[in-house]
Amino acid sequence: MTLAMMNTHKAYKSLQQAGVEERQAEVLVEIFAEMQQEHSLTKADLAQAMEGVVQGQQALNQRVDRLEERVDLFEKNVNERFDQVDKRFIQIDKRFEQVDKRFEQVDKRFDQVDKRFDKIDARFEKTDGQIHTLHLDIIGMKKELQWLKRVMMAATCAVVLAASKYIFIS
């Protein structure tokens, strides 16, 4: 209040020095003083405004707390889902390990079958060799039989001629 009076007194003096009449200076200073008082804040106004700020801050804190709770719940749910996914991947890995073991068994069986086929192939090669040898033997026998056939034909012809000569000449 003292500051306001000093300001009004100072304003009054300044107006008088500028050549404004005493009564006009007084009215002008009163008008400015009223305007200043109307627009100035009291401690009650500041307390009320501060109370509103504190309430706003509390409301904001409550909203932030609720958001943090929701984020924590969301994070918990996401972590649980990831844990479930991890468990499923572990199960899938175990199944793949079982499948791998089965494929290893199948591979062993195929290896055994391959060995059997190798043995059969060796036997076929041996048999092919024997058949080739028999084929050559048969070709040789065929040639010998053809030779024998010719000899027999020649002998038969000779016997027939001799018999014909004997029958017709005697």
# chains A, B, ... in the order shown; residues from 1 in each chain; ligands from 1

call {"tool": "closest_atom_pairs", "arguments": {"of": "stretch 90-136 of chain A", "to": "stretch 64-85 of chain A", "cutoff": "12 Å", "atoms": "only C-alpha atoms", "output": "JSON lines"}}
result
{"residue": "A:Ile90", "atom": "CA", "partner": "A:Val85", "partner_atom": "CA", "distance": 8.6}
{"residue": "A:Gln91", "atom": "CA", "partner": "A:Val85", "partner_atom": "CA", "distance": 9.8}
{"residue": "A:Ile92", "atom": "CA", "partner": "A:Val85", "partner_atom": "CA", "distance": 10.3}

call {"tool": "residues_around", "arguments": {"residues": "A:Leu28", "least_positions_apart": "5", "cutoff": "9 Å", "atoms": "only C-alpha atoms", "output": "list of chain:residue names"}}
result
A:Ala11, A:Tyr12, A:Leu15, A:Arg23, A:Ala33

call {"tool": "write_last_selection", "arguments": {"atoms": "all heavy atoms", "output": "short mmCIF file (atom, residue, chain, number, x, y, z; two decimals), in the first residue's frame"}}
result
data_model
loop_
_atom_site.label_atom_id
_atom_site.label_comp_id
_atom_site.auth_asym_id
_atom_site.auth_seq_id
_atom_site.Cartn_x
_atom_site.Cartn_y
_atom_site.Cartn_z
N ALA A 11 3.26 10.41 -9.19
CA ALA A 11 2.50 10.70 -10.40
C ALA A 11 1.84 12.07 -10.29
O ALA A 11 1.83 12.84 -11.25
CB ALA A 11 1.46 9.61 -10.63
N TYR A 12 1.31 12.38 -9.11
CA TYR A 12 0.66 13.67 -8.87
C TYR A 12 1.66 14.80 -9.07
O TYR A 12 1.39 15.78 -9.75
CB TYR A 12 0.06 13.68 -7.45
CG TYR A 12 -0.57 14.97 -7.05
CD1 TYR A 12 -1.82 15.35 -7.55
CD2 TYR A 12 0.08 15.84 -6.17
CE1 TYR A 12 -2.38 16.54 -7.18
CE2 TYR A 12 -0.49 17.03 -5.81
CZ TYR A 12 -1.72 17.37 -6.31
OH TYR A 12 -2.29 18.57 -5.93
N LEU A 15 2.55 15.23 -12.76
CA LEU A 15 1.49 15.88 -13.51
C LEU A 15 1.48 17.39 -13.25
O LEU A 15 1.30 18.19 -14.17
CB LEU A 15 0.12 15.28 -13.17
CG LEU A 15 -0.16 13.88 -13.77
CD1 LEU A 15 -1.44 13.30 -13.17
CD2 LEU A 15 -0.28 13.96 -15.28
N ARG A 23 -6.49 20.03 -9.48
CA ARG A 23 -7.69 19.20 -9.41
C ARG A 23 -7.64 18.13 -10.49
O ARG A 23 -7.97 16.97 -10.22
CB ARG A 23 -8.92 20.09 -9.59
CG ARG A 23 -10.22 19.36 -9.51
CD ARG A 23 -10.49 18.88 -8.05
NE ARG A 23 -11.64 17.99 -8.06
CZ ARG A 23 -11.70 16.83 -7.46
NH1 ARG A 23 -10.70 16.38 -6.76
NH2 ARG A 23 -12.78 16.10 -7.50
N ALA A 33 -4.88 5.07 -9.79
CA ALA A 33 -4.77 4.28 -8.56
C ALA A 33 -5.85 3.21 -8.53
O ALA A 33 -5.60 2.06 -8.17
CB ALA A 33 -4.83 5.17 -7.34
#

call {"tool": "select_by_dssp", "arguments": {"residues": "stretch 4-43 of chain A", "states": "helix (DSSP H, G or I)", "output": "NGL selection string"}}
result
:A and (4-17 or 22-39 or 43)

call {"tool": "write_last_selection", "arguments": {"atoms": "C-alpha atoms", "output": "compact mmCIF listing (two decimals), in the first residue's frame"}}
result
# COMPACT_ATOMS: atom_id res chain seq x y z
CA ALA A 4 1.05 2.52 -4.27
CA MET A 5 0.83 5.82 -2.33
CA MET A 6 4.35 6.72 -3.21
CA ASN A 7 3.62 6.00 -6.83
CA THR A 8 0.44 8.08 -6.75
CA HIS A 9 2.23 10.93 -5.01
CA LYS A 10 5.04 10.76 -7.54
CA ALA A 11 2.50 10.70 -10.40
CA TYR A 12 0.66 13.67 -8.87
CA LYS A 13 3.87 15.69 -8.62
CA SER A 14 4.87 14.78 -12.18
CA LEU A 15 1.49 15.88 -13.51
CA GLN A 16 1.72 19.21 -11.67
CA GLN A 17 5.22 19.81 -13.01
CA GLU A 22 -4.11 20.50 -9.24
CA ARG A 23 -7.69 19.20 -9.41
CA GLN A 24 -7.13 17.47 -12.79
CA ALA A 25 -3.89 15.89 -11.53
CA GLU A 26 -5.72 14.64 -8.44
CA VAL A 27 -8.51 13.05 -10.54
CA LEU A 28 -6.06 11.48 -12.95
CA VAL A 29 -4.02 10.00 -10.10
CA GLU A 30 -7.18 8.62 -8.45
CA ILE A 31 -8.26 7.03 -11.74
CA PHE A 32 -4.82 5.45 -12.20
CA ALA A 33 -4.77 4.28 -8.56
CA GLU A 34 -8.19 2.60 -8.92
CA MET A 35 -7.13 0.98 -12.14
CA GLN A 36 -3.95 -0.25 -10.50
CA GLN A 37 -5.87 -1.66 -7.53
CA GLU A 38 -8.41 -3.35 -9.77
CA HIS A 39 -5.70 -5.03 -11.77
CA LYS A 43 -2.44 -12.52 -1.47
